[in-house]
>>> print(open('run-v8.txt').read())   # compact mmCIF, C-alpha atoms (C1' of nucleotides)
# COMPACT_ATOMS: atom_id res chain seq x y z
CA MET A 26 -44.69 -14.61 109.87
CA SER A 27 -47.70 -12.83 108.46
CA SER A 28 -45.40 -9.91 107.86
CA ASP A 29 -42.89 -12.13 106.08
CA MET A 30 -45.56 -13.63 103.94
CA ARG A 31 -46.95 -10.30 103.03
CA THR A 32 -43.50 -9.17 102.02
CA ALA A 33 -42.78 -12.28 100.03
CA GLY A 34 -46.02 -12.15 98.11
CA SER A 35 -46.23 -8.39 97.77
CA ARG A 36 -46.86 -6.75 94.45
CA LEU A 37 -45.04 -3.66 95.59
CA THR A 38 -42.32 -2.73 93.13
CA VAL A 39 -40.43 -0.75 95.72
CA GLU A 40 -39.85 -1.20 99.42
CA ARG A 41 -38.12 1.82 100.93
CA PRO A 42 -40.59 3.72 103.11
CA GLU A 43 -39.42 6.96 101.53
CA LEU A 44 -40.90 5.75 98.26
CA LEU A 45 -44.17 4.42 99.61
CA GLU A 46 -47.33 6.28 100.47
CA ASP A 47 -50.10 4.72 102.57
CA GLY A 48 -48.41 1.41 101.96
CA THR A 49 -48.77 1.65 98.18
CA ASP A 50 -46.30 2.28 95.38
CA THR A 51 -48.79 4.26 93.34
CA ARG A 52 -46.87 7.49 93.43
CA PHE A 53 -43.65 5.68 92.66
CA ARG A 54 -45.15 4.08 89.57
CA ASP A 55 -46.46 7.44 88.58
CA LEU A 56 -43.01 8.96 88.92
CA LEU A 57 -41.58 6.26 86.68
CA HIS A 58 -44.23 6.96 84.12
CA SER A 59 -43.57 10.69 84.22
CA ILE A 60 -39.88 10.16 83.70
CA PHE A 61 -40.59 7.89 80.77
CA ALA A 62 -43.15 10.28 79.33
CA PHE A 63 -40.81 13.24 79.56
CA SER A 64 -37.91 11.32 78.03
CA SER A 65 -40.10 10.24 75.15
CA ARG A 66 -40.97 13.83 74.45
CA LEU A 67 -37.35 14.92 74.76
CA GLN A 68 -36.56 12.29 72.17
CA VAL A 69 -39.07 13.89 69.82
CA ALA A 70 -37.46 17.27 70.45
CA ARG A 71 -34.06 15.81 69.64
CA THR A 72 -35.50 14.35 66.48
CA ARG A 73 -36.63 17.80 65.42
CA PHE A 74 -33.35 19.41 66.39
CA GLY A 75 -31.46 16.86 64.36
CA ALA A 76 -33.77 17.15 61.39
CA HIS A 77 -33.25 20.88 61.45
CA ILE A 78 -29.61 20.39 60.50
CA GLY A 79 -30.11 17.27 58.42
CA LEU A 80 -29.21 14.66 61.04
CA SER A 81 -30.91 11.73 62.69
CA PRO A 82 -31.52 12.19 66.42
CA THR A 83 -28.65 9.85 67.15
CA GLN A 84 -26.22 11.60 64.85
CA TYR A 85 -27.25 14.86 66.41
CA MET A 86 -26.50 13.50 69.87
CA VAL A 87 -23.16 12.15 68.77
CA LEU A 88 -22.18 15.49 67.29
CA ILE A 89 -23.16 17.24 70.51
CA ALA A 90 -21.16 14.73 72.49
CA ILE A 91 -18.11 15.23 70.28
CA SER A 92 -18.40 18.95 70.79
CA ARG A 93 -18.89 18.53 74.54
CA LEU A 94 -15.93 16.20 74.99
CA ALA A 95 -13.56 17.72 72.44
CA SER A 96 -11.63 19.52 75.15
CA GLU A 97 -10.60 16.21 76.65
CA ASN A 98 -9.42 14.66 73.37
CA ALA A 99 -12.20 12.11 73.41
CA GLY A 100 -12.21 9.10 71.11
CA ILE A 101 -14.85 6.56 70.19
CA ALA A 102 -14.82 4.91 73.60
CA GLN A 103 -15.37 8.16 75.50
CA ILE A 104 -18.30 9.13 73.32
CA ALA A 105 -19.77 5.65 73.69
CA ASN A 106 -19.43 5.84 77.43
CA TRP A 107 -20.93 9.34 77.59
CA LEU A 108 -23.96 8.37 75.52
CA TYR A 109 -24.29 4.86 76.91
CA PHE A 110 -24.02 3.33 73.43
CA SER A 111 -21.88 0.46 72.22
CA GLY A 112 -18.52 1.39 70.75
CA ALA A 113 -19.41 -0.28 67.48
CA PHE A 114 -22.46 1.89 67.09
CA VAL A 115 -20.54 5.05 67.82
CA THR A 116 -17.96 4.07 65.22
CA ILE A 117 -20.70 3.80 62.62
CA GLU A 118 -22.36 7.07 63.50
CA VAL A 119 -19.14 9.02 63.79
CA ASN A 120 -18.08 7.77 60.38
CA LYS A 121 -21.32 9.09 58.96
CA LEU A 122 -20.62 12.49 60.49
CA VAL A 123 -17.10 12.43 59.06
CA LYS A 124 -18.45 11.59 55.62
CA LEU A 125 -20.90 14.47 55.96
CA GLY A 126 -18.01 16.76 56.79
CA LEU A 127 -19.37 17.61 60.23
CA ALA A 128 -16.70 15.91 62.34
CA GLU A 129 -13.04 15.13 61.99
CA LYS A 130 -10.82 12.32 63.16
CA ALA A 131 -7.19 12.82 64.04
CA PRO A 132 -4.73 10.32 65.44
CA HIS A 133 -4.16 10.55 69.16
CA PRO A 134 -0.79 12.20 69.87
CA VAL A 135 0.61 9.38 71.97
CA ASP A 136 -1.71 6.35 71.72
CA ARG A 137 -1.82 5.12 68.16
CA ARG A 138 -4.85 2.95 68.72
CA ARG A 139 -6.94 5.95 69.58
CA VAL A 140 -8.60 8.59 67.52
CA VAL A 141 -9.30 12.15 68.56
CA LEU A 142 -12.70 13.50 67.57
CA ARG A 143 -13.59 17.10 66.87
CA PRO A 144 -16.48 18.86 65.23
CA SER A 145 -15.43 20.37 61.89
CA ALA A 146 -15.87 24.07 61.25
CA GLU A 147 -19.04 23.23 59.38
CA GLY A 148 -20.19 21.06 62.27
CA GLU A 149 -19.71 23.96 64.65
CA ARG A 150 -21.53 26.25 62.28
CA ARG A 151 -24.53 23.95 62.10
CA LEU A 152 -24.76 23.58 65.86
CA ALA A 153 -24.55 27.34 66.25
CA ALA A 154 -27.27 27.85 63.66
CA LEU A 155 -29.43 25.34 65.46
CA ALA A 156 -29.31 27.23 68.74
CA ALA A 157 -31.80 29.84 67.56
CA PHE A 158 -34.34 27.08 67.10
CA GLN A 159 -33.46 25.24 70.29
CA ARG A 160 -33.76 28.24 72.56
CA PRO A 161 -37.51 28.79 72.49
CA VAL A 162 -38.17 25.07 72.47
CA ASN A 163 -35.91 24.36 75.43
CA ASP A 164 -37.34 27.32 77.31
CA ALA A 165 -40.79 25.84 76.79
CA LEU A 166 -39.74 22.30 77.67
CA PHE A 167 -38.75 23.48 81.14
CA LYS A 168 -41.16 26.37 81.43
CA SER A 169 -42.63 25.37 84.76
CA LEU A 170 -39.26 25.26 86.55
CA LYS A 171 -38.37 28.11 88.82
CA LYS A 172 -34.70 28.79 89.40
CA ASP A 173 -34.44 26.86 92.63
CA GLU A 174 -36.39 23.97 91.15
CA PHE A 175 -33.99 23.89 88.22
CA LEU A 176 -31.08 23.59 90.60
CA THR A 177 -32.85 20.97 92.66
CA LEU A 178 -33.76 18.91 89.64
CA HIS A 179 -30.20 18.98 88.40
CA ARG A 180 -28.90 17.85 91.76
CA LEU A 181 -31.45 15.06 92.08
CA MET A 182 -30.92 13.75 88.57
CA ALA A 183 -27.16 13.71 88.95
CA GLY A 184 -27.61 11.66 92.09
CA LEU A 185 -29.96 9.26 90.37
CA VAL A 186 -27.47 8.54 87.61
CA ALA A 187 -24.99 7.40 90.22
CA ASP A 188 -27.69 5.38 91.97
CA ALA A 189 -28.62 3.73 88.71
CA ASP A 190 -25.12 2.51 88.03
CA ALA A 191 -25.07 0.84 91.41
CA ALA A 192 -28.57 -0.53 90.91
CA LEU A 193 -27.69 -2.21 87.66
CA SER A 194 -24.75 -3.96 89.21
CA LEU A 195 -27.01 -5.02 92.04
CA ALA A 196 -29.60 -6.36 89.60
CA GLU A 197 -27.27 -9.04 88.34
CA TYR A 198 -26.47 -10.16 91.85
CA VAL A 199 -30.11 -10.19 92.92
CA GLU A 200 -31.08 -12.31 89.97
CA ASP A 201 -28.70 -15.02 91.08
CA GLN A 202 -29.87 -14.81 94.68
CA LEU A 203 -33.46 -15.32 93.64
CA LYS A 204 -32.55 -18.38 91.64
CA ALA A 205 -30.70 -19.98 94.54
CA PRO A 206 -33.95 -20.47 96.53
CA ALA A 207 -33.96 -19.51 100.17
CA LYS A 208 -32.64 -21.37 103.19
CA ALA A 209 -29.02 -20.43 102.55
CA GLY A 210 -29.54 -17.07 104.32
CA MET B 98 -28.28 46.57 68.90
CA SER B 99 -25.20 44.88 70.27
CA SER B 100 -27.57 43.06 72.58
CA ASP B 101 -29.76 42.02 69.67
CA MET B 102 -26.78 40.81 67.73
CA ARG B 103 -25.51 38.86 70.65
CA THR B 104 -28.88 37.22 71.02
CA ALA B 105 -29.19 36.43 67.35
CA GLY B 106 -25.75 34.84 67.12
CA SER B 107 -25.77 33.20 70.54
CA ARG B 108 -24.91 29.56 70.96
CA LEU B 109 -27.03 29.39 74.07
CA THR B 110 -29.55 26.57 73.82
CA VAL B 111 -31.81 28.16 76.37
CA GLU B 112 -32.74 31.74 77.19
CA ARG B 113 -34.80 31.93 80.36
CA PRO B 114 -32.71 33.47 83.14
CA GLU B 115 -33.91 30.75 85.50
CA LEU B 116 -32.05 28.23 83.37
CA LEU B 117 -28.84 30.21 82.92
CA GLU B 118 -25.93 30.55 85.25
CA ASP B 119 -23.30 33.25 84.82
CA GLY B 120 -24.67 33.74 81.35
CA THR B 121 -23.95 30.16 80.29
CA ASP B 122 -26.17 27.18 79.66
CA THR B 123 -23.62 24.74 81.04
CA ARG B 124 -25.76 23.53 83.90
CA PHE B 125 -28.77 23.24 81.63
CA ARG B 126 -26.86 21.03 79.20
CA ASP B 127 -25.69 19.00 82.12
CA LEU B 128 -29.24 18.53 83.32
CA LEU B 129 -30.27 17.31 79.87
CA HIS B 130 -27.42 14.86 79.90
CA SER B 131 -28.34 13.58 83.35
CA ILE B 132 -31.92 13.03 82.31
CA PHE B 133 -30.78 11.16 79.24
CA ALA B 134 -28.26 9.14 81.22
CA PHE B 135 -30.80 8.14 83.82
CA SER B 136 -33.38 7.19 81.21
CA SER B 137 -30.85 5.03 79.42
CA ARG B 138 -30.18 3.17 82.62
CA LEU B 139 -33.87 2.83 83.38
CA GLN B 140 -34.22 1.28 79.94
CA VAL B 141 -31.60 -1.29 80.86
CA ALA B 142 -33.49 -2.02 84.07
CA ARG B 143 -36.69 -2.49 82.09
CA THR B 144 -34.85 -4.83 79.78
CA ARG B 145 -33.86 -6.96 82.76
CA PHE B 146 -37.32 -6.85 84.26
CA GLY B 147 -38.82 -7.96 80.97
CA ALA B 148 -36.26 -10.69 80.46
CA HIS B 149 -37.05 -12.00 83.92
CA ILE B 150 -40.54 -12.94 82.76
CA GLY B 151 -39.61 -13.76 79.17
CA LEU B 152 -40.57 -10.46 77.57
CA SER B 153 -38.83 -7.76 75.58
CA PRO B 154 -38.64 -4.40 77.35
CA THR B 155 -41.40 -3.09 75.14
CA GLN B 156 -43.71 -6.03 75.73
CA TYR B 157 -43.08 -5.65 79.42
CA MET B 158 -44.07 -1.98 79.27
CA VAL B 159 -47.18 -2.77 77.28
CA LEU B 160 -48.22 -5.39 79.80
CA ILE B 161 -47.71 -2.94 82.64
CA ALA B 162 -49.72 -0.34 80.79
CA ILE B 163 -52.55 -2.79 80.18
CA SER B 164 -52.56 -3.60 83.86
CA ARG B 165 -52.43 0.06 84.82
CA LEU B 166 -55.24 1.12 82.52
CA ALA B 167 -57.44 -1.96 82.80
CA SER B 168 -59.75 -0.22 85.24
CA GLU B 169 -60.71 2.29 82.56
CA ASN B 170 -61.43 -0.29 79.88
CA ALA B 171 -58.52 0.83 77.79
CA GLY B 172 -58.06 -0.26 74.18
CA ILE B 173 -55.17 -0.03 71.74
CA ALA B 174 -55.42 3.73 71.38
CA GLN B 175 -55.29 4.39 75.12
CA ILE B 176 -52.24 2.22 75.57
CA ALA B 177 -50.56 3.91 72.60
CA ASN B 178 -51.29 7.29 74.05
CA TRP B 179 -50.07 6.32 77.50
CA LEU B 180 -46.79 4.93 76.19
CA TYR B 181 -46.36 7.50 73.43
CA PHE B 182 -46.15 4.77 70.78
CA SER B 183 -47.96 4.51 67.47
CA GLY B 184 -51.21 2.58 67.49
CA ALA B 185 -49.88 0.17 64.88
CA PHE B 186 -46.97 -0.74 67.08
CA VAL B 187 -49.18 -1.31 70.08
CA THR B 188 -51.41 -3.57 68.00
CA ILE B 189 -48.41 -5.69 67.12
CA GLU B 190 -47.07 -5.92 70.66
CA VAL B 191 -50.44 -6.57 72.23
CA ASN B 192 -51.08 -9.38 69.79
CA LYS B 193 -47.81 -10.96 70.85
CA LEU B 194 -48.91 -10.78 74.47
CA VAL B 195 -52.24 -12.34 73.58
CA LYS B 196 -50.50 -15.14 71.73
CA LEU B 197 -48.32 -15.68 74.78
CA GLY B 198 -51.44 -15.92 76.91
CA LEU B 199 -50.48 -12.91 79.04
CA ALA B 200 -53.20 -10.53 77.93
CA GLU B 201 -56.75 -10.83 76.71
CA LYS B 202 -58.89 -8.90 74.27
CA ALA B 203 -62.61 -8.51 74.70
CA PRO B 204 -65.02 -6.48 72.62
CA HIS B 205 -65.97 -3.12 74.06
CA PRO B 206 -69.49 -3.27 75.52
CA VAL B 207 -70.90 -0.37 73.50
CA ASP B 208 -68.35 0.62 70.82
CA ARG B 209 -67.85 -2.27 68.46
CA ARG B 210 -64.72 -0.83 66.89
CA ARG B 211 -62.93 -0.94 70.18
CA VAL B 212 -61.26 -3.66 72.08
CA VAL B 213 -60.91 -3.91 75.84
CA LEU B 214 -57.53 -5.08 77.10
CA ARG B 215 -56.83 -6.95 80.32
CA PRO B 216 -53.92 -8.89 81.65
CA SER B 217 -54.74 -12.61 81.80
CA ALA B 218 -54.50 -14.49 85.08
CA GLU B 219 -51.11 -15.73 83.94
CA GLY B 220 -50.10 -12.18 83.04
CA GLU B 221 -51.01 -11.01 86.53
CA ARG B 222 -49.13 -13.91 88.01
CA ARG B 223 -45.97 -13.05 86.12
CA LEU B 224 -46.09 -9.41 87.10
CA ALA B 225 -46.60 -10.39 90.72
CA ALA B 226 -43.69 -12.80 90.57
CA LEU B 227 -41.54 -10.09 89.06
CA ALA B 228 -42.11 -7.70 91.95
CA ALA B 229 -39.70 -9.56 94.22
CA PHE B 230 -36.95 -8.83 91.73
CA GLN B 231 -38.00 -5.27 91.04
CA ARG B 232 -38.15 -4.19 94.67
CA PRO B 233 -34.45 -4.21 95.52
CA VAL B 234 -33.52 -2.85 92.11
CA ASN B 235 -36.02 0.01 92.26
CA ASP B 236 -34.99 0.80 95.81
CA ALA B 237 -31.42 1.06 94.60
CA LEU B 238 -32.29 3.08 91.51
CA PHE B 239 -33.70 5.82 93.71
CA LYS B 240 -31.55 5.24 96.72
CA SER B 241 -30.33 8.80 97.12
CA LEU B 242 -33.83 10.26 97.31
CA LYS B 243 -35.15 11.29 100.67
CA LYS B 244 -38.91 11.34 101.13
CA ASP B 245 -39.34 15.03 100.44
CA GLU B 246 -37.07 14.82 97.43
CA PHE B 247 -39.14 11.97 96.08
CA LEU B 248 -42.26 14.09 96.35
CA THR B 249 -40.51 17.06 94.80
CA LEU B 250 -39.17 15.03 91.92
CA HIS B 251 -42.59 13.63 91.20
CA ARG B 252 -44.13 17.06 91.19
CA LEU B 253 -41.45 18.52 88.96
CA MET B 254 -41.53 15.68 86.45
CA ALA B 255 -45.30 15.79 86.17
CA GLY B 256 -45.03 19.49 85.41
CA LEU B 257 -42.35 18.89 82.81
CA VAL B 258 -44.50 16.40 80.92
CA ALA B 259 -47.16 19.07 80.52
CA ASP B 260 -44.51 21.60 79.52
CA ALA B 261 -43.15 19.20 76.94
CA ASP B 262 -46.47 18.77 75.22
CA ALA B 263 -46.75 22.50 74.84
CA ALA B 264 -43.13 22.78 73.73
CA LEU B 265 -43.56 20.28 70.94
CA SER B 266 -46.53 22.14 69.55
CA LEU B 267 -44.49 25.31 69.77
CA ALA B 268 -41.60 23.70 67.94
CA GLU B 269 -43.60 23.30 64.77
CA TYR B 270 -44.68 26.89 64.86
CA VAL B 271 -41.17 28.18 65.56
CA GLU B 272 -39.77 26.25 62.66
CA ASP B 273 -42.06 28.06 60.27
CA GLN B 274 -41.28 31.43 61.84
CA LEU B 275 -37.57 30.89 61.36
CA LYS B 276 -38.07 30.04 57.70
CA ALA B 277 -40.09 33.19 57.02
CA PRO B 278 -37.01 35.40 57.60
CA ALA B 279 -37.38 38.51 59.70
CA LYS B 280 -38.86 41.86 58.73
CA ALA B 281 -42.46 40.68 59.08
CA GLY B 282 -42.37 41.28 62.84
C1' DG C 80 -78.11 9.83 54.51
C1' DT C 81 -73.66 11.70 53.41
C1' DT C 82 -69.41 13.19 55.13
C1' DC C 83 -65.88 13.15 58.64
C1' DT C 84 -63.43 10.81 62.33
C1' DT C 85 -61.93 7.16 65.11
C1' DT C 86 -60.51 2.36 65.96
C1' DG C 87 -57.74 -1.22 65.08
C1' DC C 88 -55.31 -4.10 61.63
C1' DT C 89 -51.82 -5.43 57.92
C1' DA C 90 -47.91 -4.79 55.06
C1' DA C 91 -43.71 -2.79 53.99
C1' DT C 92 -40.07 -0.36 55.31
C1' DT C 93 -36.67 2.13 58.02
C1' DA C 94 -33.78 3.19 61.68
C1' DA C 95 -31.48 2.05 65.88
C1' DA C 96 -28.42 -0.58 68.17
C1' DT C 97 -26.29 -4.84 69.36
C1' DT C 98 -23.09 -8.97 69.50
C1' DA C 99 -19.19 -11.43 67.71
C1' DG C 100 -14.96 -11.49 65.92
C1' DC C 101 -10.77 -9.29 64.05
C1' DT C 102 -6.46 -6.31 63.95
C1' DT C 103 -3.42 -3.20 65.88
C1' DT C 104 -1.41 -1.18 69.71
C1' DG C 105 -0.24 -0.70 74.41
C1' DA C 106 0.38 -2.33 79.30
C1' DT C 107 1.99 -6.00 82.53
C1' DA C 108 4.62 -9.36 84.34
C1' DT C 109 7.99 -12.01 84.15
C1' DA D 183 13.11 -9.25 75.50
C1' DT D 184 8.92 -11.64 75.12
C1' DA D 185 4.78 -13.85 76.14
C1' DT D 186 0.23 -12.66 77.95
C1' DC D 187 -3.51 -9.85 78.64
C1' DA D 188 -6.38 -5.77 77.94
C1' DA D 189 -8.05 -1.80 75.31
C1' DA D 190 -9.20 0.82 70.95
C1' DG D 191 -11.57 0.86 66.96
C1' DC D 192 -13.46 -1.37 62.79
C1' DT D 193 -16.51 -4.58 59.97
C1' DA D 194 -20.13 -7.77 59.19
C1' DA D 195 -24.28 -9.82 60.29
C1' DT D 196 -28.20 -9.69 62.72
C1' DT D 197 -31.91 -8.27 65.66
C1' DT D 198 -35.34 -5.37 67.52
C1' DA D 199 -37.94 -1.36 67.77
C1' DA D 200 -40.98 1.51 65.77
C1' DT D 201 -42.79 3.99 61.95
C1' DT D 202 -45.74 5.40 57.87
C1' DA D 203 -49.32 4.36 54.58
C1' DG D 204 -53.37 2.52 53.53
C1' DC D 205 -57.52 -0.20 54.55
C1' DA D 206 -62.24 -1.69 56.45
C1' DA D 207 -65.60 -1.32 59.87
C1' DA D 208 -68.04 1.39 63.10
C1' DG D 209 -69.60 5.63 65.10
C1' DA D 210 -70.37 10.80 65.24
C1' DA D 211 -71.80 15.15 63.23
C1' DC D 212 -74.35 17.68 60.34
>>> encode(input="run-v8.txt", output="structure tokens")
Amino acid sequence: MSSDMRTAGSRLTVERPELLEDGTDTRFRDLLHSIFAFSSRLQVARTRFGAHIGLSPTQYMVLIAISRLASENAGIAQIANWLYFSGAFVTIEVNKLVKLGLAEKAPHPVDRRRVVLRPSAEGERRLAALAAFQRPVNDALFKSLKKDEFLTLHRLMAGLVADADAALSLAEYVEDQLKAPAKAG
Amino acid sequence: MSSDMRTAGSRLTVERPELLEDGTDTRFRDLLHSIFAFSSRLQVARTRFGAHIGLSPTQYMVLIAISRLASENAGIAQIANWLYFSGAFVTIEVNKLVKLGLAEKAPHPVDRRRVVLRPSAEGERRLAALAAFQRPVNDALFKSLKKDEFLTLHRLMAGLVADADAALSLAEYVEDQLKAPAKAG
DNA sequence: GTTCTTTGCTAATTAAATTAGCTTTGATAT
DNA sequence: ATATCAAAGCTAATTTAATTAGCAAAGAAC
């Protein structure tokens, strides 16, 4: 019972023993903060990359995504899914890129609802020109990684993305469970 | 010379051999995407955590930061620095928390410009109540991590934050260098 | 004491991103 | 065939997040 009570009233934000240290979640919280801190700084880097070719960070990301997914005839929905944005937002941003002459829309060969997105020649040119600026910055962003750490980080992050999708589905369920008090276990 | 030309015209977004694979930056780009994808999902989780205690994701983060840094008598500037937000924005969000009765401002004992931030009793209570919801979600978010991977990830991310600070200073310098064409090497 | 810097605040603005609702097209199930 | 349902993309309206610029008060440096 004391164990139950401690669990129920715990301030711990995580429970798996793998993520605890001396019974505290200090390191876990620190990890979360590091991830947030690094992402914030990556966002600044993206802002500079975009600015370098006259784009907002978001437009820059959308253009990259179009380029990345062009080989699979991606439309608005695929870009939205890839970037975790709403479709409506992607529509707006893609249209800006089209107006700027950096991306092109073509009708999908078989599905007439869809649109096929491609970078324009000028869009490609800008991204290529940007690379010279990105290279030293990206090298520096990940300077402390050795080769094997780079591979490890990639593997871990890819796993976490999958975990996160499951976790967010779980979150909805858990919220309901917590509302429906207890006994019904 | 052919090597120089290839370098100059390369589309590679990274140059360090540790970050390349078969001469391509494919895995590197994939890593960037994974980091972005995971952060986006963490942001959704924060949104849910905040909503659970009636706060926006940002207010939730500010409250956490106040709690985290309370022991060092942190003021607006320290919170801003910790969260990588502007001071003005932190002022606004902290004032909302104060109005909600979740945080308190006291004058700094020796520096009368400064303000000392603390979570209120009610603020503490809400964060404690939230933990029960966070625990299963956080466990799930990092479900695929084994203990040693958790430690490794923490170590790598902490290193990357330091790298990123250096990289962003570099970025400014590089931008100037690229504008001043070439010969002057 | 004068200059420089830091702290926090206010005001105004901008940019990011969403939700809701609509139209067209396509898929499903009679 | 045709009625129903789902998916793709667009528009409009709104919301939220977050910034920059400029200020006043306090402290630090010289």
>>> interface_residues(input="run-v8.txt", of="chain D", to="chain A", cutoff="12 Å", atoms="all atoms listed in the file", output="list in words")
DA189, DA190, DG191, DC192, DT193 and DA194 of chain D
>>> closest_atom_pairs(input="run-v8.txt", of="chain C", to="stretch 200-204 of chain D", cutoff="10 Å", atoms="all atoms listed in the file", output="JSON lines")
{"residue": "C:DT89", "atom": "C1'", "partner": "D:DG204", "partner_atom": "C1'", "distance": 9.2}
{"residue": "C:DA90", "atom": "C1'", "partner": "D:DG204", "partner_atom": "C1'", "distance": 9.3}
{"residue": "C:DA91", "atom": "C1'", "partner": "D:DA203", "partner_atom": "C1'", "distance": 9.1}
{"residue": "C:DT92", "atom": "C1'", "partner": "D:DT201", "partner_atom": "C1'", "distance": 8.4}
{"residue": "C:DT93", "atom": "C1'", "partner": "D:DT201", "partner_atom": "C1'", "distance": 7.5}
{"residue": "C:DA94", "atom": "C1'", "partner": "D:DA200", "partner_atom": "C1'", "distance": 8.4}
{"residue": "C:DA95", "atom": "C1'", "partner": "D:DA200", "partner_atom": "C1'", "distance": 9.5}
>>> write_last_selection(input="run-v8.txt", atoms="C-alpha atoms (C1' of nucleotides)", output="PDB file, in the frame of the given file")
ATOM      1  C1'  DT C  89     -51.820  -5.430  57.920  1.00  0.00           C
ATOM      2  C1'  DA C  90     -47.910  -4.790  55.060  1.00  0.00           C
ATOM      3  C1'  DA C  91     -43.710  -2.790  53.990  1.00  0.00           C
ATOM      4  C1'  DT C  92     -40.070  -0.360  55.310  1.00  0.00           C
ATOM      5  C1'  DT C  93     -36.670   2.130  58.020  1.00  0.00           C
ATOM      6  C1'  DA C  94     -33.780   3.190  61.680  1.00  0.00           C
ATOM      7  C1'  DA C  95     -31.480   2.050  65.880  1.00  0.00           C
TER       8       DA C  95
END
>>> closest_atom_pairs(input="run-v8.txt", of="chain C", to="chain B", cutoff="8 Å", atoms="only C-alpha atoms (C1' of nucleotides)", output="CSV")
residue,atom,partner,partner_atom,distance
C:DT86,C1',B:Arg210,CA,5.4
C:DG87,C1',B:Arg210,CA,7.2
C:DC88,C1',B:Thr188,CA,7.5
>>> atom_distance(input="run-v8.txt", atom1="atom CA of B:Gln231", atom2="atom CA of A:Val39")
6.9 Å
>>> closest_residue(input="run-v8.txt", among="A:Arg93, A:Arg54, A:Arg66, A:Lys121", to="chain B", atoms="all atoms listed in the file")
A:Arg66
>>> residues_around(input="run-v8.txt", residues="D:DT186", least_positions_apart="2", cutoff="10 Å", atoms="all atoms listed in the file", output="VMD selection string")
(chain C and resid 107 to 109) or (chain D and resid 184 188)
>>> closest_atom_pairs(input="run-v8.txt", of="stretch 80-178 of chain A", to="stretch 250-254 of chain B", cutoff="10 Å", atoms="only C-alpha atoms", output="CSV")
residue,atom,partner,partner_atom,distance
A:Phe167,CA,B:Leu253,CA,9.6
A:Ser169,CA,B:Leu253,CA,8.1
A:Leu170,CA,B:Leu253,CA,7.5
A:Glu174,CA,B:Leu253,CA,7.8
A:Phe175,CA,B:Leu253,CA,9.2
A:Thr177,CA,B:Leu250,CA,8.7
A:Leu178,CA,B:Leu250,CA,7.0
>>> closest_residue(input="run-v8.txt", among="A:Leu56, A:Val135, A:Val141, A:Ala183", to="A:Leu94", atoms="all atoms listed in the file")
A:Val141
>>> interface_residues(input="run-v8.txt", of="chain B", to="chain A", cutoff="6 Å", atoms="all atoms listed in the file", output="PDB file with C-alpha atoms, keeping the file's coordinate frame")
ATOM      1  CA  ARG B 108     -24.910  29.560  70.960  1.00  0.00           C
ATOM      2  CA  THR B 110     -29.550  26.570  73.820  1.00  0.00           C
ATOM      3  CA  VAL B 111     -31.810  28.160  76.370  1.00  0.00           C
ATOM      4  CA  GLU B 112     -32.740  31.740  77.190  1.00  0.00           C
ATOM      5  CA  GLU B 115     -33.910  30.750  85.500  1.00  0.00           C
ATOM      6  CA  LEU B 128     -29.240  18.530  83.320  1.00  0.00           C
ATOM      7  CA  SER B 131     -28.340  13.580  83.350  1.00  0.00           C
ATOM      8  CA  PHE B 135     -30.800   8.140  83.820  1.00  0.00           C
ATOM      9  CA  ALA B 225     -46.600 -10.390  90.720  1.00  0.00           C
ATOM     10  CA  ALA B 228     -42.110  -7.700  91.950  1.00  0.00           C
ATOM     11  CA  GLN B 231     -38.000  -5.270  91.040  1.00  0.00           C
ATOM     12  CA  ARG B 232     -38.150  -4.190  94.670  1.00  0.00           C
ATOM     13  CA  VAL B 234     -33.520  -2.850  92.110  1.00  0.00           C
ATOM     14  CA  ASN B 235     -36.020   0.010  92.260  1.00  0.00           C
ATOM     15  CA  ASP B 236     -34.990   0.800  95.810  1.00  0.00           C
ATOM     16  CA  ALA B 237     -31.420   1.060  94.600  1.00  0.00           C
ATOM     17  CA  LEU B 238     -32.290   3.080  91.510  1.00  0.00           C
ATOM     18  CA  LYS B 244     -38.910  11.340 101.130  1.00  0.00           C
ATOM     19  CA  HIS B 251     -42.590  13.630  91.200  1.00  0.00           C
ATOM     20  CA  MET B 254     -41.530  15.680  86.450  1.00  0.00           C
ATOM     21  CA  ALA B 255     -45.300  15.790  86.170  1.00  0.00           C
ATOM     22  CA  VAL B 258     -44.500  16.400  80.920  1.00  0.00           C
ATOM     23  CA  ASP B 260     -44.510  21.600  79.520  1.00  0.00           C
ATOM     24  CA  ALA B 261     -43.150  19.200  76.940  1.00  0.00           C
ATOM     25  CA  ALA B 264     -43.130  22.780  73.730  1.00  0.00           C
ATOM     26  CA  ALA B 268     -41.600  23.700  67.940  1.00  0.00           C
TER      27      ALA B 268
END
>>> closest_residue(input="run-v8.txt", among="B:Asp273, B:Glu190, B:Glu219, B:Asp122", to="B:Tyr157", atoms="only C-alpha atoms")
B:Glu190
>>> atom_distance(input="run-v8.txt", atom1="atom CA of A:Arg143", atom2="atom CA of A:Val87")
10.9 Å
>>> axis_aligned_box(input="run-v8.txt", around="stretch 191-197 of chain D", padding_each_side="8 Å", output="lines of an AutoDock Vina configuration file")
center_x = -21.7
center_y = -4.5
center_z = 63.1
size_x = 36.3
size_y = 26.7
size_z = 23.8
